[in-house]
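One file, start19.pdb, carrying PDB, C-alpha atoms:
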```pdb
MODEL        1
ATOM      1  CA  MET A   1      14.531 -40.195   5.854  1.00  0.00           C
ATOM      2  CA  GLN A   2      12.404 -37.041   6.127  1.00  0.00           C
ATOM      3  CA  LYS A   3       8.941 -37.338   4.682  1.00  0.00           C
ATOM      4  CA  THR A   4       7.689 -34.413   2.576  1.00  0.00           C
ATOM      5  CA  ILE A   5       3.981 -34.077   1.867  1.00  0.00           C
ATOM      6  CA  PHE A   6       2.498 -31.775  -0.744  1.00  0.00           C
ATOM      7  CA  LEU A   7      -0.984 -30.949   0.503  1.00  0.00           C
ATOM      8  CA  ASP A   8      -4.025 -29.143  -0.864  1.00  0.00           C
ATOM      9  CA  ILE A   9      -7.625 -28.893   0.287  1.00  0.00           C
ATOM     10  CA  GLU A  10     -10.915 -27.709  -1.172  1.00  0.00           C
ATOM     11  CA  THR A  11     -13.720 -26.337   0.976  1.00  0.00           C
ATOM     12  CA  THR A  12     -17.406 -25.407   1.040  1.00  0.00           C
ATOM     13  CA  GLY A  13     -16.493 -21.718   1.378  1.00  0.00           C
ATOM     14  CA  LEU A  14     -13.763 -19.291   2.323  1.00  0.00           C
ATOM     15  CA  ARG A  15     -13.908 -19.117   6.121  1.00  0.00           C
ATOM     16  CA  HIS A  16     -13.868 -21.961   8.625  1.00  0.00           C
ATOM     17  CA  GLU A  17     -14.951 -19.351  11.197  1.00  0.00           C
ATOM     18  CA  ASP A  18     -18.284 -19.214   9.348  1.00  0.00           C
ATOM     19  CA  GLY A  19     -18.757 -22.973   9.630  1.00  0.00           C
ATOM     20  CA  HIS A  20     -17.357 -23.909   6.227  1.00  0.00           C
ATOM     21  CA  LYS A  21     -15.861 -27.377   5.933  1.00  0.00           C
ATOM     22  CA  ILE A  22     -13.232 -29.350   4.051  1.00  0.00           C
ATOM     23  CA  ILE A  23     -14.566 -31.364   1.110  1.00  0.00           C
ATOM     24  CA  GLU A  24     -11.337 -32.630  -0.449  1.00  0.00           C
ATOM     25  CA  ILE A  25      -7.821 -33.405   0.750  1.00  0.00           C
ATOM     26  CA  SER A  26      -5.105 -34.158  -1.808  1.00  0.00           C
ATOM     27  CA  VAL A  27      -1.753 -35.554  -0.708  1.00  0.00           C
ATOM     28  CA  VAL A  28       1.445 -36.459  -2.519  1.00  0.00           C
ATOM     29  CA  GLU A  29       4.089 -37.927  -0.212  1.00  0.00           C
ATOM     30  CA  LYS A  30       7.784 -38.084  -1.077  1.00  0.00           C
ATOM     31  CA  GLU A  31      10.724 -39.607   0.708  1.00  0.00           C
ATOM     32  CA  GLY A  32      13.875 -38.383  -0.972  1.00  0.00           C
ATOM     33  CA  GLU A  33      13.148 -38.352  -4.694  1.00  0.00           C
ATOM     34  CA  GLN A  34      10.613 -41.195  -4.528  1.00  0.00           C
ATOM     35  CA  ILE A  35       6.848 -40.623  -4.453  1.00  0.00           C
ATOM     36  CA  THR A  36       5.710 -43.042  -1.761  1.00  0.00           C
ATOM     37  CA  ARG A  37       2.013 -42.227  -1.613  1.00  0.00           C
ATOM     38  CA  ALA A  38      -0.565 -40.146  -3.429  1.00  0.00           C
ATOM     39  CA  TYR A  39      -4.239 -39.931  -2.657  1.00  0.00           C
ATOM     40  CA  GLN A  40      -7.277 -37.758  -2.898  1.00  0.00           C
ATOM     41  CA  LEU A  41     -10.011 -37.907  -0.248  1.00  0.00           C
ATOM     42  CA  TYR A  42     -13.468 -36.531  -0.869  1.00  0.00           C
ATOM     43  CA  ILE A  43     -15.348 -35.657   2.308  1.00  0.00           C
ATOM     44  CA  ASN A  44     -19.042 -35.187   3.017  1.00  0.00           C
ATOM     45  CA  PRO A  45     -19.205 -31.826   4.819  1.00  0.00           C
ATOM     46  CA  LYS A  46     -22.800 -32.280   6.006  1.00  0.00           C
ATOM     47  CA  ARG A  47     -23.569 -28.789   4.697  1.00  0.00           C
ATOM     48  CA  LYS A  48     -24.146 -27.046   1.369  1.00  0.00           C
ATOM     49  CA  ILE A  49     -21.290 -25.812  -0.807  1.00  0.00           C
ATOM     50  CA  ASP A  50     -21.348 -22.066  -1.532  1.00  0.00           C
ATOM     51  CA  ALA A  51     -21.878 -21.172  -5.192  1.00  0.00           C
ATOM     52  CA  GLY A  52     -18.584 -19.258  -5.275  1.00  0.00           C
ATOM     53  CA  ALA A  53     -16.656 -22.250  -3.944  1.00  0.00           C
ATOM     54  CA  PHE A  54     -18.338 -24.545  -6.482  1.00  0.00           C
ATOM     55  CA  GLU A  55     -17.172 -22.172  -9.244  1.00  0.00           C
ATOM     56  CA  ILE A  56     -13.583 -22.642  -8.062  1.00  0.00           C
ATOM     57  CA  HIS A  57     -13.433 -26.428  -7.652  1.00  0.00           C
ATOM     58  CA  GLY A  58     -16.538 -27.830  -9.386  1.00  0.00           C
ATOM     59  CA  ILE A  59     -17.279 -30.328  -6.608  1.00  0.00           C
ATOM     60  CA  SER A  60     -21.025 -30.693  -6.068  1.00  0.00           C
ATOM     61  CA  ASP A  61     -23.169 -31.502  -3.040  1.00  0.00           C
ATOM     62  CA  ALA A  62     -24.593 -34.515  -4.894  1.00  0.00           C
ATOM     63  CA  PHE A  63     -21.105 -35.928  -5.559  1.00  0.00           C
ATOM     64  CA  LEU A  64     -20.187 -35.723  -1.856  1.00  0.00           C
ATOM     65  CA  LYS A  65     -23.425 -37.205  -0.521  1.00  0.00           C
ATOM     66  CA  ASP A  66     -22.054 -40.760  -0.094  1.00  0.00           C
ATOM     67  CA  LYS A  67     -18.477 -39.815   0.882  1.00  0.00           C
ATOM     68  CA  PRO A  68     -17.050 -40.306   4.397  1.00  0.00           C
ATOM     69  CA  THR A  69     -17.171 -37.474   6.937  1.00  0.00           C
ATOM     70  CA  PHE A  70     -14.047 -35.756   8.245  1.00  0.00           C
ATOM     71  CA  ASP A  71     -14.420 -37.677  11.509  1.00  0.00           C
ATOM     72  CA  GLU A  72     -14.141 -40.939   9.564  1.00  0.00           C
ATOM     73  CA  VAL A  73     -10.869 -39.989   7.829  1.00  0.00           C
ATOM     74  CA  ALA A  74      -9.203 -37.756  10.449  1.00  0.00           C
ATOM     75  CA  GLU A  75      -7.127 -40.372  12.282  1.00  0.00           C
ATOM     76  CA  ASP A  76      -5.588 -41.868   9.127  1.00  0.00           C
ATOM     77  CA  PHE A  77      -4.965 -38.401   7.698  1.00  0.00           C
ATOM     78  CA  PHE A  78      -3.324 -37.129  10.895  1.00  0.00           C
ATOM     79  CA  ASN A  79      -1.137 -40.238  11.140  1.00  0.00           C
ATOM     80  CA  CYS A  80      -0.070 -39.699   7.519  1.00  0.00           C
ATOM     81  CA  ILE A  81       1.089 -36.105   8.048  1.00  0.00           C
ATOM     82  CA  ASN A  82       2.366 -36.331  11.645  1.00  0.00           C
ATOM     83  CA  GLY A  83       6.054 -35.376  11.721  1.00  0.00           C
ATOM     84  CA  ALA A  84       6.273 -34.578   8.010  1.00  0.00           C
ATOM     85  CA  THR A  85       7.341 -31.442   6.218  1.00  0.00           C
ATOM     86  CA  LEU A  86       4.160 -30.078   4.643  1.00  0.00           C
ATOM     87  CA  VAL A  87       4.371 -28.041   1.443  1.00  0.00           C
ATOM     88  CA  ILE A  88       1.166 -26.021   1.054  1.00  0.00           C
ATOM     89  CA  HIS A  89       0.213 -23.086  -1.166  1.00  0.00           C
ATOM     90  CA  ASN A  90      -1.399 -20.474   1.103  1.00  0.00           C
ATOM     91  CA  ALA A  91      -0.739 -22.544   4.216  1.00  0.00           C
ATOM     92  CA  PRO A  92      -2.685 -20.336   6.669  1.00  0.00           C
ATOM     93  CA  PHE A  93      -5.897 -21.059   4.740  1.00  0.00           C
ATOM     94  CA  ASP A  94      -5.430 -24.844   4.629  1.00  0.00           C
ATOM     95  CA  LEU A  95      -4.077 -25.119   8.176  1.00  0.00           C
ATOM     96  CA  GLY A  96      -6.902 -22.951   9.503  1.00  0.00           C
ATOM     97  CA  PHE A  97      -9.449 -25.370   8.087  1.00  0.00           C
ATOM     98  CA  LEU A  98      -7.543 -28.510   9.088  1.00  0.00           C
ATOM     99  CA  ASP A  99      -6.903 -27.305  12.649  1.00  0.00           C
ATOM    100  CA  SER A 100     -10.546 -26.227  12.987  1.00  0.00           C
ATOM    101  CA  GLU A 101     -11.874 -29.582  11.792  1.00  0.00           C
ATOM    102  CA  LEU A 102      -9.476 -31.526  14.040  1.00  0.00           C
ATOM    103  CA  ALA A 103     -10.331 -29.369  17.082  1.00  0.00           C
ATOM    104  CA  GLN A 104     -14.071 -29.905  16.538  1.00  0.00           C
ATOM    105  CA  LEU A 105     -13.532 -33.658  16.931  1.00  0.00           C
ATOM    106  CA  LYS A 106     -12.422 -33.075  20.552  1.00  0.00           C
ATOM    107  CA  LYS A 107      -9.952 -35.968  20.364  1.00  0.00           C
ATOM    108  CA  GLY A 108      -6.874 -34.037  21.482  1.00  0.00           C
ATOM    109  CA  TYR A 109      -5.246 -33.412  18.101  1.00  0.00           C
ATOM    110  CA  PRO A 110      -2.603 -30.675  18.406  1.00  0.00           C
ATOM    111  CA  PRO A 111      -2.377 -27.837  15.885  1.00  0.00           C
ATOM    112  CA  ILE A 112      -0.656 -29.184  12.784  1.00  0.00           C
ATOM    113  CA  SER A 113       2.148 -26.613  12.981  1.00  0.00           C
ATOM    114  CA  GLN A 114       3.168 -28.174  16.318  1.00  0.00           C
ATOM    115  CA  VAL A 115       3.803 -31.603  14.775  1.00  0.00           C
ATOM    116  CA  CYS A 116       4.855 -30.692  11.220  1.00  0.00           C
ATOM    117  CA  THR A 117       7.271 -28.321   9.555  1.00  0.00           C
ATOM    118  CA  VAL A 118       5.230 -26.143   7.194  1.00  0.00           C
ATOM    119  CA  VAL A 119       6.513 -24.585   3.968  1.00  0.00           C
ATOM    120  CA  ASP A 120       4.133 -22.037   2.424  1.00  0.00           C
ATOM    121  CA  THR A 121       4.775 -21.758  -1.318  1.00  0.00           C
ATOM    122  CA  LEU A 122       2.622 -18.613  -1.565  1.00  0.00           C
ATOM    123  CA  ALA A 123       4.789 -16.834   1.021  1.00  0.00           C
ATOM    124  CA  LEU A 124       7.922 -18.051  -0.784  1.00  0.00           C
ATOM    125  CA  ALA A 125       6.659 -16.771  -4.143  1.00  0.00           C
ATOM    126  CA  LYS A 126       5.883 -13.360  -2.666  1.00  0.00           C
ATOM    127  CA  GLU A 127       9.328 -13.247  -1.065  1.00  0.00           C
ATOM    128  CA  LEU A 128      11.114 -14.241  -4.282  1.00  0.00           C
ATOM    129  CA  PHE A 129       8.985 -12.030  -6.559  1.00  0.00           C
ATOM    130  CA  PRO A 130       7.930  -9.038  -4.453  1.00  0.00           C
ATOM    131  CA  PHE A 131       5.280  -6.613  -5.624  1.00  0.00           C
ATOM    132  CA  LYS A 132       6.655  -3.529  -7.365  1.00  0.00           C
ATOM    133  CA  LYS A 133       4.891  -0.628  -8.968  1.00  0.00           C
ATOM    134  CA  THR A 134       6.484   0.495 -12.216  1.00  0.00           C
ATOM    135  CA  LYS A 135       5.049   3.252 -14.378  1.00  0.00           C
ATOM    136  CA  GLY A 136       1.645   2.866 -12.747  1.00  0.00           C
ATOM    137  CA  ARG A 137       1.526  -0.875 -13.438  1.00  0.00           C
ATOM    138  CA  ARG A 138       1.604  -3.662 -10.960  1.00  0.00           C
ATOM    139  CA  PHE A 139       4.416  -6.191 -11.219  1.00  0.00           C
ATOM    140  CA  PRO A 140       3.991  -9.036 -10.893  1.00  0.00           C
ATOM    141  CA  PRO A 141       0.520  -8.769 -12.422  1.00  0.00           C
ATOM    142  CA  ARG A 142      -2.546  -9.883 -10.434  1.00  0.00           C
ATOM    143  CA  GLY A 143      -2.913 -13.641 -10.306  1.00  0.00           C
ATOM    144  CA  THR A 144       0.836 -14.228 -10.513  1.00  0.00           C
ATOM    145  CA  TYR A 145       0.905 -15.841  -7.082  1.00  0.00           C
ATOM    146  CA  THR A 146      -1.786 -18.427  -7.767  1.00  0.00           C
ATOM    147  CA  LEU A 147      -0.571 -21.999  -7.816  1.00  0.00           C
ATOM    148  CA  ASP A 148      -1.631 -22.341 -11.475  1.00  0.00           C
ATOM    149  CA  ALA A 149       0.318 -19.212 -12.463  1.00  0.00           C
ATOM    150  CA  LEU A 150       3.426 -20.367 -10.609  1.00  0.00           C
ATOM    151  CA  CYS A 151       3.249 -23.831 -12.200  1.00  0.00           C
ATOM    152  CA  LYS A 152       3.049 -22.239 -15.654  1.00  0.00           C
ATOM    153  CA  ARG A 153       5.932 -19.914 -14.879  1.00  0.00           C
ATOM    154  CA  PHE A 154       8.234 -22.660 -13.650  1.00  0.00           C
TER     155      PHE A 154
ENDMDL
END
```
Can the structure in the file be given as structure tokens, please?
Amino acid sequence: MQKTIFLDIETTGLRHEDGHKIIEISVVEKEGEQITRAYQLYINPKRKIDAGAFEIHGISDAFLKDKPTFDEVAEDFFNCINGATLVIHNAPFDLGFLDSELAQLKKGYPPISQVCTVVDTLALAKELFPFKKTKGRRFPPRGTYTLDALCKRF
């Protein structure tokens, strides 16, 4: 049976290209209609969290101080997602960080999109509810494509 994994990450900042790191990975795994696994990993990024990122997720440097590093959790995480269908809101952001972190380990991990089918719920929402301008107003309104807004809508 095909494994589907709903995945979300939190980070120290907005761009992995600037050296920002993953600080949280949340996973809910389903096989058919059954939830088979759910977990939340907190990760010590070995760097400071930007103030703007802290405002979004509320995860502090002090809280992460004694958590494992990405290197310590990477193998188990990769084995968990390998071959699954991943459902991710704003997949390019999450995959960019995950692929960057895995590549930095220099252990031969392939890009995630090569071993998983990826469904981007942000892209789907934009496709289903495209932007329109009516009477000078934006529809859908700003913020409509956030995961919180979509959860409230549906």
Tell me, as a compact mmCIF listing (two decimals) with C-alpha atoms, in the frame of the given file, which residues lie within 6 Å of Ser26 in chain A, counting all atoms listed in the file; anything in the same chain fewer than 6 positions away does not count.
```txt
# COMPACT_ATOMS: atom_id res chain seq x y z
CA LEU A 7 -0.98 -30.95 0.50
CA ASP A 8 -4.03 -29.14 -0.86
CA TYR A 39 -4.24 -39.93 -2.66
CA GLN A 40 -7.28 -37.76 -2.90
```
Could you tell me which residues the PyMOL selection byres ((chain A and resi 27) around 12) returns for this structure, as a PyMOL selection string?
chain A and resi 4-9+24-26+28-30+35-42+77-78+80-81+84+86-88
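Counting from CA of Thr146 in chain A, the distance to CA of His89 in chain A is 8.3 Å.
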message = To one decimal place in Å, what is the distance between CA of Phe129 in chain A and CA of Leu147 in chain A?
response =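 Taking CA of Phe129 in chain A and CA of Leu147 in chain A, their separation equals 13.9 Å.
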Original post:
Where does the PyMOL selection byres ((chain A and resi 54-68) around 9) land in this file, that is, which residues does it pick, as a VMD selection string?
Top reply: chain A and resid 10 to 13 23 to 24 41 to 53 69 to 73
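Closest to Leu98 in chain A among A:Pro111, A:Leu122, A:Gln34, A:Thr144 is A:Pro111, based on all atoms listed in the file.
Here CA of Leu102 in chain A is placed at a distance of 28.3 Å from CA of Tyr145 in chain A.
Each of A:Tyr109, A:Ala103, A:Glu127, A:Asp94 was compared to Glu75 in chain A using all atoms listed in the file, and A:Tyr109 turns out to be the nearest.
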Restricting to only C-alpha atoms, whichever of A:Val115, A:Ala74, A:Leu95, A:Cys151 is closest to Arg15 in chain A is A:Leu95
